[in-house]
>>> print(open('my_file27.cif').read())   # mmCIF, C-alpha atoms and all ligand atoms
data_input
loop_
_atom_site.label_atom_id
_atom_site.label_comp_id
_atom_site.auth_asym_id
_atom_site.auth_seq_id
_atom_site.Cartn_x
_atom_site.Cartn_y
_atom_site.Cartn_z
CA MET A 5 100.04 4.35 -61.84
CA THR A 6 102.37 2.59 -59.42
CA GLY A 7 101.30 -1.01 -59.40
CA LEU A 8 99.04 -2.18 -56.58
CA LYS A 9 99.94 -5.46 -54.92
CA GLY A 10 97.13 -7.88 -54.24
CA ALA A 11 96.62 -11.13 -52.34
CA LEU A 12 94.05 -13.72 -53.43
CA ILE A 13 92.32 -16.09 -50.99
CA GLY A 14 90.66 -19.21 -52.42
CA CYS A 15 92.38 -20.96 -55.34
CA GLY A 16 89.39 -22.95 -56.61
CA PHE A 17 87.38 -23.34 -59.82
CA PHE A 18 86.60 -19.66 -60.44
CA ALA A 19 89.80 -18.12 -59.03
CA ILE A 20 91.67 -19.30 -62.15
CA ASN A 21 89.69 -16.72 -64.15
CA GLN A 22 90.45 -14.03 -61.57
CA MET A 23 94.17 -14.86 -61.65
CA HIS A 24 94.25 -14.70 -65.48
CA ALA A 25 92.38 -11.39 -65.37
CA TRP A 26 94.80 -9.93 -62.80
CA ASN A 27 97.61 -10.69 -65.29
CA ASP A 28 95.79 -8.52 -67.87
CA VAL A 29 94.68 -5.70 -65.55
CA ASP A 30 96.65 -2.49 -65.81
CA GLY A 31 97.99 -1.27 -62.45
CA ALA A 32 97.82 -4.35 -60.21
CA LYS A 33 99.38 -7.76 -59.72
CA ILE A 34 98.91 -10.65 -57.31
CA VAL A 35 101.89 -11.18 -54.99
CA ALA A 36 100.51 -13.75 -52.54
CA ILE A 37 97.88 -16.50 -52.55
CA CYS A 38 96.12 -18.50 -49.85
CA ASP A 39 94.11 -21.72 -49.82
CA ARG A 40 93.58 -24.22 -47.06
CA ASP A 41 93.75 -26.99 -49.68
CA PRO A 42 97.48 -27.64 -50.33
CA ASP A 43 96.92 -29.17 -53.80
CA ARG A 44 94.95 -26.17 -55.05
CA LEU A 45 97.48 -23.78 -53.54
CA LYS A 46 100.30 -25.55 -55.35
CA THR A 47 98.47 -25.82 -58.68
CA VAL A 48 97.59 -22.10 -58.80
CA GLY A 49 100.94 -21.01 -57.35
CA ASP A 50 102.83 -23.00 -59.99
CA GLN A 51 100.54 -21.99 -62.87
CA PHE A 52 100.81 -18.26 -62.13
CA GLY A 53 104.33 -18.20 -60.67
CA ILE A 54 103.35 -16.91 -57.21
CA GLU A 55 106.01 -17.60 -54.58
CA ARG A 56 104.24 -16.39 -51.44
CA ARG A 57 101.75 -19.14 -50.53
CA TYR A 58 99.67 -19.51 -47.34
CA HIS A 59 97.39 -22.20 -45.95
CA ASP A 60 95.93 -19.84 -43.36
CA ALA A 61 94.48 -16.37 -44.01
CA ASN A 62 95.55 -15.19 -40.54
CA ALA A 63 99.18 -15.84 -41.47
CA LEU A 64 98.72 -14.08 -44.82
CA PHE A 65 97.36 -10.92 -43.16
CA ALA A 66 99.97 -11.07 -40.38
CA ASP A 67 102.76 -11.00 -43.00
CA GLY A 68 101.03 -8.26 -45.05
CA GLY A 69 102.90 -6.59 -47.89
CA PHE A 70 99.86 -6.12 -50.17
CA ASP A 71 97.47 -3.24 -50.92
CA PHE A 72 94.24 -5.20 -51.37
CA VAL A 73 92.78 -8.66 -50.96
CA ASP A 74 90.60 -10.58 -53.44
CA ILE A 75 88.43 -13.13 -51.60
CA ALA A 76 87.48 -15.90 -54.05
CA THR A 77 86.27 -18.52 -51.56
CA THR A 78 82.72 -19.86 -51.33
CA VAL A 79 80.18 -18.00 -49.21
CA GLN A 80 80.67 -19.80 -45.87
CA SER A 81 84.00 -18.03 -45.25
CA HIS A 82 83.12 -14.57 -46.63
CA ARG A 83 82.13 -12.88 -43.37
CA VAL A 84 85.12 -14.07 -41.36
CA LEU A 85 87.58 -13.16 -44.15
CA VAL A 86 86.06 -9.73 -44.87
CA GLU A 87 86.12 -8.91 -41.15
CA MET A 88 89.74 -10.10 -40.98
CA ALA A 89 90.61 -7.78 -43.87
CA ALA A 90 88.79 -4.90 -42.14
CA HIS A 91 90.72 -5.59 -38.95
CA HIS A 92 93.97 -5.26 -40.94
CA LYS A 93 92.59 -2.24 -42.88
CA VAL A 94 93.10 -3.92 -46.26
CA PRO A 95 90.79 -2.81 -49.15
CA THR A 96 88.69 -5.83 -50.09
CA ILE A 97 86.99 -7.53 -53.01
CA CYS A 98 84.57 -10.31 -52.02
CA GLN A 99 83.01 -12.86 -54.41
CA LYS A 100 79.25 -13.23 -54.68
CA PRO A 101 77.08 -14.40 -52.97
CA PHE A 102 78.29 -11.68 -50.64
CA ALA A 103 77.04 -13.46 -47.50
CA LYS A 104 74.79 -16.22 -46.18
CA THR A 105 72.28 -13.72 -44.74
CA LEU A 106 71.44 -10.02 -45.02
CA THR A 107 72.46 -9.66 -41.36
CA ASP A 108 75.96 -10.94 -42.19
CA ALA A 109 76.15 -8.72 -45.28
CA ARG A 110 75.26 -5.63 -43.26
CA ALA A 111 77.87 -6.52 -40.61
CA MET A 112 80.53 -6.87 -43.34
CA VAL A 113 79.66 -3.47 -44.83
CA ALA A 114 79.70 -1.91 -41.34
CA ALA A 115 83.10 -3.47 -40.51
CA CYS A 116 84.69 -2.08 -43.69
CA ARG A 117 83.08 1.33 -43.21
CA ALA A 118 84.38 1.49 -39.62
CA ALA A 119 87.85 0.50 -40.84
CA GLY A 120 87.69 3.15 -43.58
CA ILE A 121 88.43 0.66 -46.38
CA PRO A 122 86.73 0.20 -49.77
CA LEU A 123 84.71 -3.01 -50.19
CA MET A 124 83.59 -4.25 -53.61
CA VAL A 125 81.49 -7.33 -54.28
CA HIS A 126 82.73 -9.29 -57.30
CA GLU A 127 79.31 -8.99 -58.98
CA ASN A 128 80.63 -9.18 -62.51
CA PHE A 129 77.55 -9.91 -64.64
CA ARG A 130 76.63 -6.22 -65.03
CA TRP A 131 80.11 -5.78 -66.54
CA GLN A 132 79.39 -8.14 -69.44
CA THR A 133 79.72 -6.42 -72.84
CA PRO A 134 76.08 -7.10 -73.91
CA ILE A 135 74.71 -5.81 -70.56
CA GLN A 136 76.82 -2.66 -70.81
CA ALA A 137 75.50 -2.19 -74.38
CA VAL A 138 71.86 -2.38 -73.21
CA HIS A 139 72.61 0.12 -70.42
CA LYS A 140 74.16 2.52 -72.92
CA VAL A 141 71.19 2.42 -75.32
CA LEU A 142 68.79 3.05 -72.44
CA ASP A 143 70.93 5.91 -71.09
CA ALA A 144 70.97 7.53 -74.51
CA GLY A 145 67.16 7.75 -74.33
CA SER A 146 66.69 5.66 -77.48
CA ILE A 147 63.51 3.98 -76.19
CA GLY A 148 62.27 6.76 -73.91
CA THR A 149 61.21 5.77 -70.39
CA PRO A 150 61.21 2.01 -69.79
CA PHE A 151 57.97 0.70 -68.24
CA TRP A 152 58.50 -3.08 -68.51
CA GLY A 153 61.42 -5.51 -68.60
CA ARG A 154 62.31 -9.18 -68.67
CA PHE A 155 65.70 -10.54 -67.63
CA SER A 156 65.91 -14.18 -68.53
CA PHE A 157 68.53 -16.92 -68.02
CA ARG A 158 67.19 -20.34 -69.04
CA SER A 159 69.62 -23.19 -69.59
CA GLY A 160 70.23 -26.92 -69.34
CA TYR A 161 74.00 -26.51 -68.91
CA ASP A 162 75.68 -28.84 -66.41
CA VAL A 163 77.07 -26.40 -63.84
CA PHE A 164 77.44 -29.15 -61.24
CA SER A 165 80.50 -30.83 -62.78
CA GLY A 166 82.65 -27.69 -62.29
CA GLN A 167 80.93 -26.56 -59.08
CA PRO A 168 79.66 -29.69 -57.26
CA TYR A 169 78.73 -27.68 -54.15
CA LEU A 170 75.88 -26.11 -56.15
CA ALA A 171 73.96 -29.42 -55.94
CA GLU A 172 74.33 -29.64 -52.16
CA GLY A 173 72.85 -26.47 -50.65
CA ASP A 174 69.24 -25.95 -49.53
CA ARG A 175 69.29 -22.89 -51.77
CA PHE A 176 70.54 -23.00 -55.36
CA ILE A 177 69.49 -20.98 -58.37
CA ILE A 178 68.40 -17.68 -56.80
CA GLU A 179 71.40 -17.56 -54.46
CA ASP A 180 73.96 -18.57 -57.10
CA LEU A 181 72.71 -17.37 -60.49
CA GLY A 182 69.54 -15.35 -59.89
CA ILE A 183 71.66 -13.04 -57.74
CA HIS A 184 73.42 -11.94 -60.97
CA THR A 185 70.15 -11.60 -62.90
CA LEU A 186 68.54 -9.58 -60.09
CA ASP A 187 71.61 -7.34 -60.03
CA ILE A 188 71.28 -6.77 -63.79
CA ALA A 189 67.58 -5.89 -63.33
CA ARG A 190 68.56 -3.31 -60.66
CA TYR A 191 71.39 -1.99 -62.81
CA ILE A 192 69.08 -1.50 -65.81
CA LEU A 193 65.75 -0.50 -64.24
CA GLY A 194 66.81 0.81 -60.83
CA ASP A 195 66.03 -0.09 -57.23
CA VAL A 196 63.07 -2.18 -56.21
CA LEU A 197 60.05 -1.65 -53.92
CA THR A 198 58.59 -5.16 -53.75
CA VAL A 199 59.56 -8.67 -54.85
CA THR A 200 57.29 -11.66 -55.46
CA ALA A 201 58.67 -15.10 -56.34
CA ARG A 202 57.78 -18.69 -57.14
CA THR A 203 60.36 -21.50 -57.21
CA LYS A 204 60.60 -25.18 -58.22
CA ARG A 205 63.08 -28.01 -58.09
CA VAL A 206 62.91 -30.02 -61.33
CA ASN A 207 66.24 -31.91 -61.19
CA PRO A 208 65.73 -34.67 -58.59
CA SER A 209 69.44 -35.13 -57.91
CA ILE A 210 70.04 -31.67 -56.41
CA LYS A 211 68.86 -30.27 -53.08
CA GLY A 212 67.87 -26.67 -53.85
CA GLU A 213 65.51 -24.99 -56.34
CA ASP A 214 66.63 -24.89 -59.98
CA VAL A 215 63.79 -22.74 -61.38
CA ALA A 216 62.60 -19.33 -60.20
CA THR A 217 60.17 -16.73 -61.55
CA ILE A 218 60.43 -13.36 -59.85
CA LEU A 219 58.31 -10.22 -60.25
CA LEU A 220 59.90 -6.86 -59.34
CA ASP A 221 58.15 -3.52 -58.78
CA HIS A 222 60.82 -0.88 -59.41
CA GLU A 223 60.88 2.53 -57.69
CA SER A 224 60.64 4.13 -61.16
CA GLY A 225 57.21 2.56 -61.68
CA ALA A 226 58.55 -0.06 -64.11
CA THR A 227 57.67 -3.72 -63.64
CA SER A 228 60.06 -6.52 -64.50
CA ILE A 229 60.28 -10.29 -64.57
CA VAL A 230 63.47 -12.12 -63.66
CA ASP A 231 63.21 -15.75 -64.74
CA VAL A 232 66.03 -18.24 -64.22
CA SER A 233 66.22 -21.97 -64.87
CA TYR A 234 68.83 -24.72 -65.07
CA ALA A 235 66.11 -27.21 -66.04
CA THR A 236 65.50 -25.89 -69.55
CA ARG A 237 66.71 -27.99 -72.48
CA LEU A 238 66.79 -25.98 -75.71
CA SER A 239 67.81 -26.75 -79.30
CA ARG A 240 70.63 -24.17 -78.98
CA GLU A 241 72.11 -24.01 -75.45
CA PRO A 242 72.32 -20.32 -74.46
CA PHE A 243 74.61 -20.67 -71.37
CA PRO A 244 75.69 -18.22 -70.02
CA GLU A 245 73.67 -15.55 -71.82
CA THR A 246 71.19 -13.28 -70.05
CA LEU A 247 68.46 -12.33 -72.52
CA ILE A 248 66.74 -8.99 -72.05
CA GLU A 249 63.47 -7.45 -73.23
CA LEU A 250 62.70 -3.81 -72.45
CA ASP A 251 59.62 -1.86 -73.51
CA GLY A 252 59.81 1.93 -73.27
CA SER A 253 57.57 4.91 -74.05
CA GLU A 254 59.41 5.48 -77.35
CA GLY A 255 60.57 2.02 -78.38
CA THR A 256 61.92 -1.39 -77.42
CA ILE A 257 65.21 -3.19 -76.79
CA ARG A 258 65.70 -6.91 -77.33
CA LEU A 259 68.98 -8.65 -76.40
CA THR A 260 68.58 -12.02 -78.07
CA GLN A 261 70.53 -15.27 -78.10
CA GLY A 262 73.84 -15.00 -79.94
CA TYR A 263 74.48 -11.54 -78.44
CA GLN A 264 72.29 -9.61 -80.88
CA LEU A 265 70.98 -6.22 -79.71
CA GLU A 266 67.87 -4.99 -81.49
CA VAL A 267 66.59 -1.46 -80.88
CA THR A 268 63.27 -0.35 -82.35
CA ASN A 269 61.95 3.21 -82.23
CA ALA A 270 60.49 5.87 -84.52
CA ASN A 271 63.67 5.68 -86.65
CA GLY A 272 63.11 1.98 -87.38
CA THR A 273 65.07 -1.05 -86.16
CA THR A 274 68.83 -1.43 -85.79
CA THR A 275 70.55 -4.70 -84.94
CA THR A 276 74.07 -4.73 -83.50
CA ASP A 277 76.37 -7.62 -82.66
CA VAL A 278 77.39 -7.09 -79.02
CA SER A 279 79.41 -10.31 -78.63
CA PRO A 280 82.01 -10.34 -75.87
CA LYS A 281 85.70 -10.57 -76.79
CA LEU A 282 87.38 -13.96 -76.57
CA LEU A 283 90.34 -13.04 -74.33
CA SER A 284 93.58 -14.97 -74.90
CA TRP A 285 93.02 -17.19 -71.84
CA ALA A 286 89.25 -17.53 -72.23
CA SER A 287 87.19 -20.35 -73.70
CA ARG A 288 83.65 -20.62 -75.04
CA PRO A 289 80.96 -20.52 -73.72
CA TRP A 290 82.47 -18.94 -70.57
CA HIS A 291 84.17 -16.08 -72.46
CA ASN A 292 81.28 -13.68 -71.74
CA ILE A 293 81.75 -14.18 -67.98
CA GLN A 294 85.54 -14.24 -68.27
CA GLU A 295 85.65 -10.89 -70.06
CA SER A 296 83.45 -9.39 -67.32
CA VAL A 297 85.89 -10.65 -64.67
CA TYR A 298 88.65 -8.68 -66.36
CA ALA A 299 86.35 -5.62 -66.63
CA ILE A 300 85.31 -5.59 -62.95
CA GLN A 301 88.89 -6.10 -61.75
CA GLN A 302 90.11 -3.20 -63.94
CA HIS A 303 87.24 -1.13 -62.48
CA TRP A 304 88.46 -2.03 -58.97
CA VAL A 305 91.92 -0.62 -59.72
CA ASP A 306 90.64 2.45 -61.61
CA GLN A 307 88.20 3.50 -58.85
CA LEU A 308 90.77 2.88 -56.10
CA LYS A 309 93.11 5.22 -57.96
CA LEU A 310 90.39 7.88 -58.18
CA GLY A 311 89.16 7.27 -54.61
CA VAL A 312 85.62 6.81 -55.96
CA GLU A 313 83.07 4.19 -54.80
CA HIS A 314 82.81 1.04 -56.92
CA SER A 315 79.74 0.26 -59.01
CA THR A 316 79.13 -2.92 -57.00
CA SER A 317 80.32 -1.66 -53.61
CA GLY A 318 79.26 -3.56 -50.50
CA THR A 319 76.64 -0.87 -49.88
CA ASP A 320 75.24 -1.22 -53.40
CA ASN A 321 75.22 -5.00 -53.17
CA LEU A 322 73.07 -4.97 -50.01
CA LYS A 323 70.21 -3.93 -52.30
CA THR A 324 70.79 -6.89 -54.64
CA PHE A 325 71.23 -9.24 -51.69
CA ALA A 326 67.91 -8.04 -50.21
CA LEU A 327 66.22 -9.14 -53.47
CA VAL A 328 67.68 -12.64 -53.03
CA GLU A 329 66.46 -12.86 -49.43
CA GLY A 330 63.13 -11.29 -50.38
CA ALA A 331 62.63 -13.76 -53.25
CA TYR A 332 63.16 -16.76 -50.95
CA GLU A 333 60.85 -15.23 -48.34
CA SER A 334 58.17 -14.61 -50.96
CA ALA A 335 58.47 -18.13 -52.41
CA ALA A 336 58.04 -19.56 -48.89
CA SER A 337 55.13 -17.32 -47.82
CA GLY A 338 53.39 -16.72 -51.13
CA GLN A 339 53.35 -12.98 -50.29
CA ALA A 340 54.93 -9.94 -51.95
CA ILE A 341 57.89 -8.71 -49.85
CA ASP A 342 58.61 -5.06 -49.09
CA VAL A 343 62.30 -4.68 -50.02
CA ARG A 344 62.70 -1.20 -48.53
CA ALA A 345 61.52 -2.51 -45.15
CA MET A 346 64.24 -5.18 -45.31
CA LEU A 347 66.88 -2.51 -45.89
CA ARG A 348 65.71 -0.16 -43.13
P1 LIG B 1 85.69 -23.71 -55.10
O1 LIG B 1 85.11 -24.56 -54.01
O2 LIG B 1 86.12 -24.39 -56.36
O3 LIG B 1 86.93 -22.89 -54.55
C1 LIG B 1 86.94 -22.26 -53.30
C2 LIG B 1 88.33 -22.40 -52.72
O4 LIG B 1 88.39 -21.65 -51.51
C3 LIG B 1 88.68 -23.86 -52.35
O5 LIG B 1 89.91 -24.20 -52.97
C4 LIG B 1 88.78 -23.84 -50.82
O6 LIG B 1 89.76 -24.73 -50.32
C5 LIG B 1 89.15 -22.38 -50.55
N1 LIG B 1 88.74 -21.89 -49.22
C6 LIG B 1 87.51 -21.91 -48.66
N2 LIG B 1 87.53 -21.31 -47.45
C7 LIG B 1 88.79 -20.91 -47.24
C8 LIG B 1 89.44 -20.22 -46.17
N3 LIG B 1 88.77 -19.83 -45.09
N4 LIG B 1 90.76 -19.96 -46.28
C9 LIG B 1 91.45 -20.34 -47.39
N5 LIG B 1 90.89 -21.00 -48.43
C10 LIG B 1 89.58 -21.28 -48.36
O7 LIG B 1 84.59 -22.60 -55.40
P2 LIG B 1 84.43 -21.74 -56.75
O8 LIG B 1 83.53 -22.48 -57.68
O9 LIG B 1 85.73 -21.26 -57.22
O10 LIG B 1 83.55 -20.52 -56.20
C11 LIG B 1 84.12 -19.54 -55.38
C12 LIG B 1 83.17 -18.36 -55.31
O11 LIG B 1 83.06 -17.81 -56.61
C13 LIG B 1 81.74 -18.75 -54.91
O12 LIG B 1 81.26 -17.79 -53.99
C14 LIG B 1 80.96 -18.73 -56.21
O13 LIG B 1 79.61 -18.37 -56.06
C15 LIG B 1 81.70 -17.67 -56.97
N6 LIG B 1 81.59 -17.78 -58.43
C16 LIG B 1 81.39 -16.63 -59.09
C17 LIG B 1 81.25 -16.64 -60.45
C18 LIG B 1 81.02 -15.32 -61.13
O14 LIG B 1 80.82 -15.25 -62.33
N7 LIG B 1 81.09 -14.22 -60.40
C19 LIG B 1 81.32 -17.85 -61.15
C20 LIG B 1 81.58 -19.01 -60.44
C21 LIG B 1 81.71 -18.97 -59.06
O1 LIG B 2 78.30 -17.10 -61.92
C1 LIG B 2 78.22 -18.02 -61.13
O2 LIG B 2 78.17 -17.79 -59.97
C2 LIG B 2 78.27 -19.45 -61.59
C3 LIG B 2 77.34 -19.81 -62.73
C4 LIG B 2 77.36 -18.86 -63.88
C5 LIG B 2 77.69 -21.18 -63.22
O3 LIG B 2 76.04 -19.83 -62.20
O4 LIG B 2 78.01 -20.28 -60.50
#
>>> encode(input="my_file27.cif", output="structure tokens", more="lines below")
Ligand code: NAD
Ligand code: 89V
Amino acid sequence: MTGLKGALIGCGFFAINQMHAWNDVDGAKIVAICDRDPDRLKTVGDQFGIERRYHDANALFADGGFDFVDIATTVQSHRVLVEMAAHHKVPTICQKPFAKTLTDARAMVAACRAAGIPLMVHENFRWQTPIQAVHKVLDAGSIGTPFWGRFSFRSGYDVFSGQPYLAEGDRFIIEDLGIHTLDIARYILGDVLTVTARTKRVNPSIKGEDVATILLDHESGATSIVDVSYATRLSREPFPETLIELDGSEGTIRLTQGYQLEVTNANGTTTTDVSPKLLSWASRPWHNIQESVYAIQQHWVDQLKLGVEHSTSGTDNLKTFALVEGAYESAASGQAIDVRAMLR
């Protein structure tokens, strides 16, 4: 295909992965970057050889000359930047968390719909090789109809050194990490009727919760548990692996630490290594996430070419975002929250 030209806003910690991935993606390249921090703008511009550099997103959009924008800033600026892109009718990718509130998220989806532009949330975890492998086994009917699941991310990894802002917000693990795990639960077991959650803060030097246990009632009738923790010290650090257990009418799936996928049914048990690739620019243990960044960005280009909605479109992501809001509401009230009522 003729190459698409992209602009990236936000040249921080995670954008480096996105820039590397854009170099690998077939059919697109980044032609302009923007960051209000001059040092970060220079570092990324020099590293990736991007000449067009902007301190102000308004100036970037006013100059134009690109087919899509990749917003890699933190959440505070997402609504204003997505609405700016909609105003200029530029197809948009927006990092997670999509928004600060469900009201903002809805407004962003509505603005892009009114402008007639595609909007994809950079919700990359469902694109990880092991998660795709679980989805495939389930789709093939190997364990029949799933009735129970567990999606677990428990770690003691220091995420605060790379992302210091994570220690500062009133909300932490559900908004930042649980959002991915909840999205995986939706991706694997489908949409959700009600959410019930309990949270804790174990680490005294951060502001938000670092442990959450969430119960989901899926529309299919399946029940699942999403449990996330950054306060869990283990003999073998699993960061950033999501471990999955699924029980179905005809068998079970277990995605265990070290990227091992075990499927048990009437034919016996098979174990497959579903490790992610170590891309040339990637490093352990982040390579699982880094490969999924490449995969979602390739998906962005491929679906744009076909004119087909993205797997994690803004509309789709409202349903994941409602689980985040619902989990916080449930943790505060002690009640189960009706997710469909939130989305009405
Ligand atoms: P960061 O603070 O390191 O970088 C953000 C950059 O955006 C900064 O350089 C800042 O100056 C710039 N910025 C903010 N507002 C701006 C504006 N209005 N105009 C221009 N520049 C602006 O943050 P980060 O750790 O790179 O995280 C960015 C986003 O990526 C967050 O939403 C985070 O949750 C997400 N993230 C996603 C993953 C994933 O796997 N999907 C992993 C890590 C972080
Ligand atoms: O994916 C993320 O948003 C990251 C991390 C994996 C560290 O939680 O913040």
>>> residues_near_ligand(input="my_file27.cif", ligand="ligand LIG 2 (chain B)", cutoff="8 Å", atoms="all atoms listed in the file", output="list in words")
Lys100, Pro101, Phe129, Val163, Gln167, Leu170, Ile177, Asp180, Leu181, His184, Pro244 and Ile293 of chain A
>>> residues_near_ligand(input="my_file27.cif", ligand="ligand LIG 1 (chain B)", cutoff="9 Å", atoms="all atoms listed in the file", output="ChimeraX atom specification")
/A:13-21,38-45,58-62,75-82,84-85,98-103,126-129,166-170,179-181,184,293-294,296-297
>>> axis_aligned_box(input="my_file27.cif", around="range 146-153 of chain A", padding_each_side="6 Å", output="lines of an AutoDock Vina configuration file")
center_x = 62.3
center_y = 0.6
center_z = -72.9
size_x = 20.7
size_y = 24.3
size_z = 21.2
>>> residues_near_point(input="my_file27.cif", point="(97.2, -9.8, -53.7)", cutoff="6 Å", atoms="all atoms listed in the file", output="PDB file with C-alpha atoms, in the frame of the given file")
ATOM      1  CA  LYS A   9      99.940  -5.460 -54.920  1.00  0.00           C
ATOM      2  CA  GLY A  10      97.130  -7.880 -54.240  1.00  0.00           C
ATOM      3  CA  ALA A  11      96.620 -11.130 -52.340  1.00  0.00           C
ATOM      4  CA  LEU A  12      94.050 -13.720 -53.430  1.00  0.00           C
ATOM      5  CA  ILE A  34      98.910 -10.650 -57.310  1.00  0.00           C
ATOM      6  CA  VAL A  35     101.890 -11.180 -54.990  1.00  0.00           C
ATOM      7  CA  ALA A  36     100.510 -13.750 -52.540  1.00  0.00           C
ATOM      8  CA  PHE A  70      99.860  -6.120 -50.170  1.00  0.00           C
ATOM      9  CA  PHE A  72      94.240  -5.200 -51.370  1.00  0.00           C
ATOM     10  CA  VAL A  73      92.780  -8.660 -50.960  1.00  0.00           C
TER      11      VAL A  73
END
>>> atom_distance(input="my_file27.cif", atom1="CA of Leu220 in chain A", atom2="CA of Glu333 in chain A")
13.9 Å
>>> atom_distance(input="my_file27.cif", atom1="CA of Phe155 in chain A", atom2="CA of Gln301 in chain A")
24.3 Å
>>> build_atoms(input="my_file27.cif", residues="range 171-177 of chain A", atoms="all heavy atoms", output="compact mmCIF listing (two decimals), keeping the file's coordinate frame")
# COMPACT_ATOMS: atom_id res chain seq x y z
N ALA A 171 75.02 -28.40 -56.05
CA ALA A 171 73.96 -29.42 -55.94
C ALA A 171 73.61 -29.71 -54.48
O ALA A 171 72.62 -30.38 -54.20
CB ALA A 171 74.41 -30.71 -56.62
N GLU A 172 74.42 -29.18 -53.56
CA GLU A 172 74.33 -29.64 -52.16
C GLU A 172 73.58 -28.71 -51.21
O GLU A 172 73.17 -29.13 -50.14
CB GLU A 172 75.75 -29.89 -51.62
CG GLU A 172 76.42 -31.09 -52.28
CD GLU A 172 77.95 -31.01 -52.27
OE1 GLU A 172 78.49 -30.18 -51.49
OE2 GLU A 172 78.57 -31.75 -53.05
N GLY A 173 73.44 -27.44 -51.58
CA GLY A 173 72.85 -26.47 -50.65
C GLY A 173 71.32 -26.50 -50.67
O GLY A 173 70.71 -26.90 -51.67
N ASP A 174 70.70 -26.06 -49.56
CA ASP A 174 69.24 -25.95 -49.53
C ASP A 174 68.75 -24.92 -50.54
O ASP A 174 67.63 -24.99 -51.02
CB ASP A 174 68.78 -25.49 -48.12
CG ASP A 174 69.02 -26.58 -47.10
OD1 ASP A 174 69.04 -27.76 -47.51
OD2 ASP A 174 69.20 -26.25 -45.92
N ARG A 175 69.61 -23.91 -50.78
CA ARG A 175 69.29 -22.89 -51.77
C ARG A 175 70.20 -23.07 -52.98
O ARG A 175 71.39 -23.31 -52.82
CB ARG A 175 69.54 -21.50 -51.18
CG ARG A 175 68.58 -21.14 -50.08
CD ARG A 175 68.93 -19.77 -49.51
NE ARG A 175 67.87 -19.29 -48.64
CZ ARG A 175 67.84 -18.07 -48.12
NH1 ARG A 175 68.83 -17.21 -48.36
NH2 ARG A 175 66.83 -17.68 -47.36
N PHE A 176 69.65 -22.90 -54.19
CA PHE A 176 70.54 -23.00 -55.36
C PHE A 176 70.39 -21.82 -56.31
O PHE A 176 71.14 -20.85 -56.23
CB PHE A 176 70.36 -24.35 -56.08
CG PHE A 176 71.01 -24.41 -57.43
CD1 PHE A 176 72.28 -23.87 -57.65
CD2 PHE A 176 70.36 -25.01 -58.52
CE1 PHE A 176 72.89 -23.90 -58.90
CE2 PHE A 176 70.97 -25.04 -59.78
CZ PHE A 176 72.22 -24.48 -59.96
N ILE A 177 69.37 -21.86 -57.19
CA ILE A 177 69.49 -20.98 -58.37
C ILE A 177 69.36 -19.49 -58.04
O ILE A 177 70.06 -18.67 -58.64
CB ILE A 177 68.55 -21.41 -59.52
CG1 ILE A 177 69.09 -20.82 -60.84
CG2 ILE A 177 67.10 -20.99 -59.28
CD1 ILE A 177 68.48 -21.39 -62.10
